[in-house]
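Structure file model_26.cif (mmCIF, C-alpha atoms and all ligand atoms) follows.
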```cif
data_my_file
#
loop_
_atom_site.label_atom_id
_atom_site.label_comp_id
_atom_site.auth_asym_id
_atom_site.auth_seq_id
_atom_site.Cartn_x
_atom_site.Cartn_y
_atom_site.Cartn_z
CA MET S 1 118.21 118.83 105.42
CA LYS S 2 120.24 120.03 108.41
CA GLU S 3 124.01 120.10 107.94
CA LYS S 4 124.51 117.46 110.65
CA ASP S 5 122.14 115.09 108.84
CA GLY S 6 124.05 115.63 105.58
CA LYS S 7 127.22 114.70 107.47
CA ALA S 8 125.46 111.65 108.90
CA HIS S 9 124.55 110.51 105.39
CA GLU S 10 128.27 110.72 104.51
CA PHE S 11 128.98 108.74 107.69
CA ILE S 12 126.56 106.02 106.51
CA GLU S 13 128.42 105.76 103.19
CA ALA S 14 131.73 105.59 105.07
CA ILE S 15 130.51 102.76 107.33
CA ALA S 16 129.39 100.78 104.26
CA LYS S 17 132.84 101.30 102.71
CA LYS S 18 134.61 100.33 105.95
CA ILE S 19 132.69 97.03 105.92
CA ARG S 20 133.21 96.38 102.19
CA ASP S 21 136.96 97.05 102.58
CA GLU S 22 137.18 94.42 105.29
CA PHE S 23 135.82 91.86 102.80
CA THR S 24 138.83 92.35 100.49
CA GLY S 25 140.22 88.87 100.10
CA TYR S 26 136.85 87.33 100.93
CA GLU S 27 135.05 88.25 97.70
CA ARG S 28 133.02 85.03 97.69
CA TYR S 29 131.24 86.30 100.79
CA HIS S 30 129.06 89.34 101.41
CA PRO S 31 128.10 91.26 104.55
CA ALA S 32 124.35 91.53 103.72
CA ILE S 33 124.05 95.10 104.98
CA LEU S 34 120.70 96.89 104.84
CA GLY S 35 121.90 99.00 101.90
CA VAL S 36 123.09 102.60 101.85
CA GLU S 37 119.85 104.16 100.54
CA SER S 38 117.63 102.18 102.94
CA GLY S 39 120.09 103.05 105.69
CA LYS S 40 119.79 106.78 105.00
CA LYS S 41 115.99 106.53 105.02
CA LEU S 42 116.06 104.63 108.30
CA TYR S 43 118.38 107.27 109.77
CA ASP S 44 115.98 110.05 108.67
CA LEU S 45 113.00 108.18 110.16
CA ILE S 46 114.72 107.85 113.53
CA ARG S 47 115.65 111.54 113.47
CA MET S 48 112.02 112.41 112.75
CA LYS S 49 110.40 110.04 115.27
CA ARG S 50 112.85 110.71 118.11
CA PRO S 51 112.29 107.26 119.71
CA ASN S 52 113.12 106.36 123.29
CA ILE S 53 113.56 102.64 122.67
CA VAL S 54 114.67 100.98 119.43
CA ILE S 55 115.20 97.23 119.12
CA GLU S 56 116.89 95.59 116.14
CA THR S 57 117.54 91.94 115.35
CA GLY S 58 120.44 91.07 113.04
CA VAL S 59 123.61 93.09 113.58
CA CYS S 60 126.26 91.17 111.62
CA ASN S 61 129.05 93.69 110.82
CA GLY S 62 127.12 96.57 112.37
CA PHE S 63 125.98 98.72 109.45
CA SER S 64 122.38 99.27 110.61
CA SER S 65 123.43 99.52 114.27
CA SER S 66 125.89 102.31 113.39
CA LEU S 67 123.35 104.49 111.62
CA ILE S 68 120.63 103.93 114.23
CA LEU S 69 123.09 104.91 116.98
CA ARG S 70 124.21 107.97 115.01
CA ALA S 71 120.57 109.09 114.68
CA LEU S 72 119.96 108.58 118.43
CA GLU S 73 123.13 110.55 119.16
CA GLU S 74 121.96 113.44 116.95
CA ASN S 75 118.59 113.27 118.73
CA GLU S 76 120.42 113.31 122.10
CA ASN S 77 117.84 110.74 123.16
CA GLY S 78 117.11 107.04 123.03
CA LYS S 79 118.63 103.61 123.45
CA LEU S 80 119.23 100.77 120.99
CA TYR S 81 118.97 97.10 121.96
CA SER S 82 120.44 94.77 119.32
CA VAL S 83 120.42 90.97 119.11
CA ASP S 84 122.74 88.92 116.90
CA LEU S 85 123.92 85.36 116.50
CA PRO S 86 126.88 85.90 114.18
CA VAL S 87 128.30 83.62 111.51
CA LYS S 88 132.06 83.98 110.94
CA ILE S 89 133.66 83.29 107.57
CA ASP S 90 136.43 81.13 109.08
CA GLU S 91 133.88 78.96 110.88
CA ILE S 92 131.75 78.14 107.83
CA GLU S 93 134.30 77.72 105.03
CA GLY S 94 133.23 74.85 102.81
CA GLU S 95 129.63 74.87 104.09
CA GLY S 96 128.26 76.78 101.10
CA LYS S 97 126.99 79.83 103.02
CA ARG S 98 128.14 83.08 101.42
CA GLY S 99 126.15 85.92 102.94
CA ALA S 100 125.34 87.68 106.22
CA VAL S 101 128.76 86.78 107.59
CA ILE S 102 131.56 88.58 109.38
CA PRO S 103 135.28 88.38 108.62
CA PRO S 104 137.61 86.21 110.73
CA GLU S 105 138.69 87.70 114.04
CA LYS S 106 135.80 90.16 114.08
CA SER S 107 132.77 90.11 116.34
CA SER S 108 129.16 91.23 115.89
CA GLY S 109 128.94 94.97 115.34
CA TRP S 110 132.70 95.43 114.91
CA ALA S 111 132.13 98.39 112.53
CA VAL S 112 130.23 100.46 115.13
CA PRO S 113 132.40 103.44 116.17
CA GLU S 114 133.41 103.43 119.85
CA ASP S 115 132.01 106.90 120.48
CA LEU S 116 128.48 105.73 119.56
CA LYS S 117 128.35 102.78 121.96
CA ASP S 118 126.99 104.59 125.04
CA ARG S 119 123.41 104.22 123.86
CA TRP S 120 123.86 100.58 122.82
CA SER S 121 123.08 97.27 124.47
CA LEU S 122 124.25 94.36 122.25
CA ARG S 123 123.04 90.86 123.10
CA ILE S 124 124.76 87.89 121.50
CA GLY S 125 122.38 84.97 121.05
CA ASN S 126 119.29 83.71 119.31
CA THR S 127 116.41 86.17 119.14
CA TYR S 128 114.10 83.40 120.43
CA TYR S 129 115.94 83.59 123.77
CA GLU S 130 117.25 87.14 123.84
CA LEU S 131 114.15 89.14 122.82
CA PRO S 132 111.96 87.93 125.74
CA LYS S 133 114.75 88.92 128.14
CA ILE S 134 114.95 92.43 126.67
CA PHE S 135 111.18 92.88 126.81
CA GLU S 136 111.24 91.85 130.45
CA GLU S 137 114.03 94.33 131.21
CA ILE S 138 112.70 97.49 129.58
CA SER S 139 110.28 99.55 131.58
CA HIS S 140 108.73 101.33 128.58
CA ASP S 141 107.09 100.03 125.45
CA VAL S 142 109.10 99.93 122.22
CA ASP S 143 108.94 102.84 119.76
CA ILE S 144 110.64 101.16 116.79
CA PHE S 145 111.38 97.47 116.15
CA ILE S 146 113.57 96.46 113.19
CA HIS S 147 113.78 92.86 111.99
CA ASP S 148 116.88 91.84 110.00
CA SER S 149 117.90 88.47 111.48
CA GLY S 150 116.85 85.11 110.06
CA HIS S 151 114.17 85.54 107.40
CA SER S 152 112.32 82.24 107.79
CA TYR S 153 108.53 82.47 108.15
CA GLU S 154 108.74 81.18 111.74
CA THR S 155 111.44 83.63 112.87
CA MET S 156 109.77 86.65 111.26
CA MET S 157 106.38 85.71 112.76
CA PHE S 158 107.94 85.13 116.19
CA GLU S 159 109.68 88.51 116.11
CA PHE S 160 106.67 90.45 114.77
CA SER S 161 104.32 88.88 117.35
CA SER S 162 106.58 89.45 120.33
CA ALA S 163 107.47 92.98 119.20
CA TRP S 164 103.79 93.83 118.65
CA ALA S 165 102.96 92.81 122.23
CA HIS S 166 105.53 95.30 123.55
CA LEU S 167 105.10 98.05 120.98
CA LYS S 168 103.68 101.50 121.78
CA GLU S 169 100.26 102.24 120.33
CA ASP S 170 101.72 104.24 117.44
CA GLY S 171 104.99 102.28 117.35
CA LEU S 172 106.62 101.06 114.15
CA ILE S 173 107.80 97.65 112.97
CA LEU S 174 110.24 97.53 110.06
CA ALA S 175 111.63 94.48 108.30
CA ASP S 176 114.20 93.83 105.61
CA ASN S 177 113.77 91.05 103.02
CA ILE S 178 110.00 90.92 103.42
CA ASP S 179 109.71 88.97 100.16
CA MET S 180 111.62 85.97 101.50
CA SER S 181 108.48 84.56 103.13
CA LYS S 182 104.80 85.40 103.50
CA ALA S 183 105.26 86.38 107.16
CA PHE S 184 105.13 90.15 106.60
CA SER S 185 101.97 90.09 104.50
CA HIS S 186 100.25 87.53 106.77
CA PHE S 187 101.03 89.60 109.86
CA VAL S 188 99.88 92.85 108.29
CA ASP S 189 96.62 91.19 107.20
CA ALA S 190 96.05 89.61 110.60
CA LYS S 191 96.45 92.98 112.35
CA SER S 192 94.56 94.93 109.66
CA VAL S 193 97.33 97.52 109.36
CA THR S 194 98.60 99.25 106.22
CA PRO S 195 101.99 98.16 104.89
CA TYR S 196 104.42 100.78 103.55
CA ARG S 197 107.88 100.72 102.05
CA LEU S 198 110.92 102.52 103.43
CA GLY S 199 113.64 101.92 100.86
CA ASP S 200 113.89 98.15 100.55
CA MET S 201 112.24 97.60 103.91
CA GLY S 202 108.63 96.94 104.79
CA LEU S 203 107.03 99.01 107.53
CA PHE S 204 103.76 99.17 109.46
CA GLN S 205 102.43 101.11 112.41
CA LYS S 206 100.51 99.76 115.39
CA LYS S 207 97.10 101.26 115.88
C1 LIG S 301 121.29 90.31 107.26
S1 LIG S 301 122.40 90.21 108.61
C2 LIG S 301 122.12 91.74 109.46
C3 LIG S 301 122.65 92.93 108.72
C4 LIG S 301 122.58 94.21 109.51
N1 LIG S 301 121.24 94.58 109.86
C5 LIG S 301 123.22 95.34 108.70
O1 LIG S 301 122.52 96.21 108.15
O2 LIG S 301 124.46 95.34 108.59
C6 LIG S 301 121.60 89.03 109.63
C7 LIG S 301 122.29 88.71 110.95
O3 LIG S 301 121.35 88.03 111.79
C8 LIG S 301 121.95 86.87 112.34
N2 LIG S 301 120.87 85.92 112.67
C9 LIG S 301 120.20 85.06 111.85
N3 LIG S 301 119.26 84.38 112.53
C10 LIG S 301 119.32 84.82 113.82
C11 LIG S 301 118.59 84.51 115.01
N4 LIG S 301 117.60 83.61 115.02
N5 LIG S 301 118.93 85.17 116.14
C12 LIG S 301 119.93 86.11 116.15
N6 LIG S 301 120.63 86.44 115.05
C13 LIG S 301 120.33 85.82 113.90
C14 LIG S 301 122.91 86.42 111.24
O4 LIG S 301 123.88 85.52 111.70
C15 LIG S 301 123.48 87.76 110.82
O5 LIG S 301 124.52 88.16 111.68
#
```

Structure encoded using structure tokens:
Amino acid sequence: MKEKDGKAHEFIEAIAKKIRDEFTGYERYHPAILGVESGKKLYDLIRMKRPNIVIETGVCNGFSSSLILRALEENENGKLYSVDLPVKIDEIEGEGKRGAVIPPEKSSGWAVPEDLKDRWSLRIGNTYYELPKIFEEISHDVDIFIHDSGHSYETMMFEFSSAWAHLKEDGLILADNIDMSKAFSHFVDAKSVTPYRLGDMGLFQKK
């Protein structure tokens, strides 16, 4: 591993800690980050693939966005489009929801370092409305699409189908929490592609 990628792995651990520290005092809640090991694997994949266009759904505190942007920065190439409809702890107290939330007075992606934001376009809203707008805007097909927003069958299917239609021939779709519904396995079967694992995430390639 190159020295700069070793440093980036330390950066990924530091971002996870920065987010966890901000939850001090809010122990009943959790940030639902991708996970440090999956994050490092995703970083390595982006370094290897050198994508031009990456789209992710589900930003929350900004763990995955930070490591994707760091990989693009090391590649000196590529742009990240992210979509998020955040849930703030102070707005849902008493409602029973505990995870995938951000602390009071923070906004989506607050943990992303300022010096990584040049390659980033963050859209606040529901993926049902925001993804079609992004696909209309970009002039090239997508290299890598990462799903980590709502994990209902309908949302996962919607995101996989719309991403597939705008994905490069050898492009990749990744998804976290693929066991929360049958969407991942149904989609993979319908497209006759081979599913793989990257850390905790599912992954398949368009062909
Ligand atoms: C699991 S968290 C994302 C974690 C992030 N990838 C990370 O590694 O830190 C999911 C985020 O997606 C948001 N979300 C859920 N359903 C959504 C939807 N339909 N459109 C946009 N965002 C959504 C949640 O509010 C939350 O901010």

Near ligand LIG 301 (chain S), 7 Å: chain S residue rows, closest pairs, all atoms listed in the file, as a Markdown table:
```
| residue | atom | partner | partner_atom | distance |
| --- | --- | --- | --- | --- |
| S:Pro31 | CA | S:LIG301 | O2 | 6.8 |
| S:Ala32 | CA | S:LIG301 | C1 | 4.8 |
| S:Ile33 | CA | S:LIG301 | O2 | 3.6 |
| S:Leu34 | CA | S:LIG301 | O1 | 3.8 |
| S:Gly35 | CA | S:LIG301 | O1 | 6.9 |
| S:Thr57 | CA | S:LIG301 | N6 | 6.3 |
| S:Gly58 | CA | S:LIG301 | O3 | 3.4 |
| S:Val59 | CA | S:LIG301 | C4 | 4.3 |
| S:Cys60 | CA | S:LIG301 | O5 | 3.5 |
| S:Asn61 | CA | S:LIG301 | O2 | 5.4 |
| S:Gly62 | CA | S:LIG301 | O2 | 4.8 |
| S:Phe63 | CA | S:LIG301 | O2 | 3.8 |
| S:Ser64 | CA | S:LIG301 | O1 | 3.9 |
| S:Ser65 | CA | S:LIG301 | C5 | 7.0 |
| S:Val83 | CA | S:LIG301 | C12 | 5.7 |
| S:Asp84 | CA | S:LIG301 | N6 | 3.7 |
| S:Leu85 | CA | S:LIG301 | N6 | 3.8 |
| S:Pro86 | CA | S:LIG301 | O4 | 3.9 |
| S:Val87 | CA | S:LIG301 | O4 | 4.8 |
| S:Ala100 | CA | S:LIG301 | S1 | 4.6 |
| S:Val101 | CA | S:LIG301 | O5 | 6.1 |
| S:Ser108 | CA | S:LIG301 | O5 | 7.0 |
| S:Gly125 | CA | S:LIG301 | C12 | 5.6 |
| S:Asn126 | CA | S:LIG301 | N5 | 3.5 |
| S:Thr127 | CA | S:LIG301 | N5 | 4.0 |
| S:Tyr128 | CA | S:LIG301 | N4 | 6.4 |
| S:Asp148 | CA | S:LIG301 | N1 | 5.2 |
| S:Ser149 | CA | S:LIG301 | O3 | 3.5 |
| S:Gly150 | CA | S:LIG301 | N3 | 3.5 |
| S:Thr155 | CA | S:LIG301 | N4 | 6.5 |
```

Item to complete: May I ask for the distance between CA of Tyr29 (chain S) and CA of Gly96 (chain S), given in Å to one decimal place?
Response: 10.0 Å

Worksheet item: Which one is closest to Ile46 (chain S): S:Asp200, S:Asp141, S:Glu74, S:Glu13? Count only C-alpha atoms.
Response: S:Glu74

Item to complete: Go ahead and compute the interatomic distance for CA of Ile146 (chain S) and CA of Asp176 (chain S), in Å to one decimal.
Response: 8.0 Å

Discussion item. I'd like the neighbourhood of Ser162 (chain S) as a ChimeraX atom specification, where a residue qualifies if any of its atoms comes within 9 Å (using only C-alpha atoms), though same-chain residues fewer than 4 positions away should be ignored.
Written reply: /S:131-132,135,157-158,166-167

Place N, CA and C atoms on region 41-66 of chain S and deliver the coordinates as a compact mmCIF listing (two decimals), in the coordinates of the input.
```txt
# COMPACT_ATOMS: atom_id res chain seq x y z
N LYS S 41 117.43 106.32 104.73
CA LYS S 41 115.99 106.53 105.02
C LYS S 41 115.67 106.14 106.46
N LEU S 42 116.29 105.05 106.92
CA LEU S 42 116.06 104.63 108.30
C LEU S 42 116.62 105.68 109.28
N TYR S 43 117.79 106.20 108.95
CA TYR S 43 118.38 107.27 109.77
C TYR S 43 117.41 108.46 109.86
N ASP S 44 116.89 108.90 108.70
CA ASP S 44 115.98 110.05 108.67
C ASP S 44 114.72 109.78 109.49
N LEU S 45 114.21 108.55 109.41
CA LEU S 45 113.00 108.18 110.16
C LEU S 45 113.25 108.29 111.67
N ILE S 46 114.40 107.81 112.09
CA ILE S 46 114.72 107.85 113.53
C ILE S 46 114.93 109.29 113.99
N ARG S 47 115.51 110.11 113.14
CA ARG S 47 115.65 111.54 113.47
C ARG S 47 114.28 112.19 113.63
N MET S 48 113.35 111.80 112.74
CA MET S 48 112.02 112.41 112.75
C MET S 48 111.19 111.93 113.94
N LYS S 49 111.26 110.63 114.22
CA LYS S 49 110.40 110.04 115.27
C LYS S 49 110.93 110.24 116.68
N ARG S 50 112.22 110.50 116.81
CA ARG S 50 112.85 110.71 118.11
C ARG S 50 112.44 109.64 119.13
N PRO S 51 112.72 108.35 118.82
CA PRO S 51 112.29 107.26 119.71
C PRO S 51 113.07 107.21 121.01
N ASN S 52 112.42 106.63 122.04
CA ASN S 52 113.12 106.36 123.29
C ASN S 52 113.78 104.98 123.24
N ILE S 53 113.03 104.00 122.72
CA ILE S 53 113.56 102.64 122.67
C ILE S 53 113.45 102.07 121.26
N VAL S 54 114.61 101.66 120.72
CA VAL S 54 114.67 100.98 119.43
C VAL S 54 115.25 99.59 119.68
N ILE S 55 114.63 98.58 119.06
CA ILE S 55 115.20 97.23 119.12
C ILE S 55 115.45 96.77 117.69
N GLU S 56 116.63 96.18 117.46
CA GLU S 56 116.89 95.59 116.14
C GLU S 56 117.38 94.16 116.32
N THR S 57 116.99 93.29 115.39
CA THR S 57 117.54 91.94 115.35
C THR S 57 118.36 91.81 114.08
N GLY S 58 119.55 91.21 114.20
CA GLY S 58 120.44 91.07 113.04
C GLY S 58 121.40 92.23 112.97
N VAL S 59 122.60 92.03 113.53
CA VAL S 59 123.61 93.09 113.58
C VAL S 59 124.70 92.83 112.54
N CYS S 60 125.20 91.60 112.54
CA CYS S 60 126.26 91.17 111.62
C CYS S 60 127.46 92.12 111.77
N ASN S 61 127.87 92.81 110.73
CA ASN S 61 129.05 93.69 110.82
C ASN S 61 128.76 95.02 111.52
N GLY S 62 127.48 95.37 111.61
CA GLY S 62 127.12 96.57 112.37
C GLY S 62 126.75 97.79 111.55
N PHE S 63 126.36 97.58 110.30
CA PHE S 63 125.98 98.72 109.45
C PHE S 63 124.72 99.41 110.01
N SER S 64 123.63 98.65 110.14
CA SER S 64 122.38 99.27 110.61
C SER S 64 122.55 99.80 112.04
N SER S 65 123.25 99.05 112.88
CA SER S 65 123.43 99.52 114.27
C SER S 65 124.13 100.88 114.28
N SER S 66 125.14 101.04 113.42
CA SER S 66 125.89 102.31 113.39
C SER S 66 124.99 103.49 113.05
```
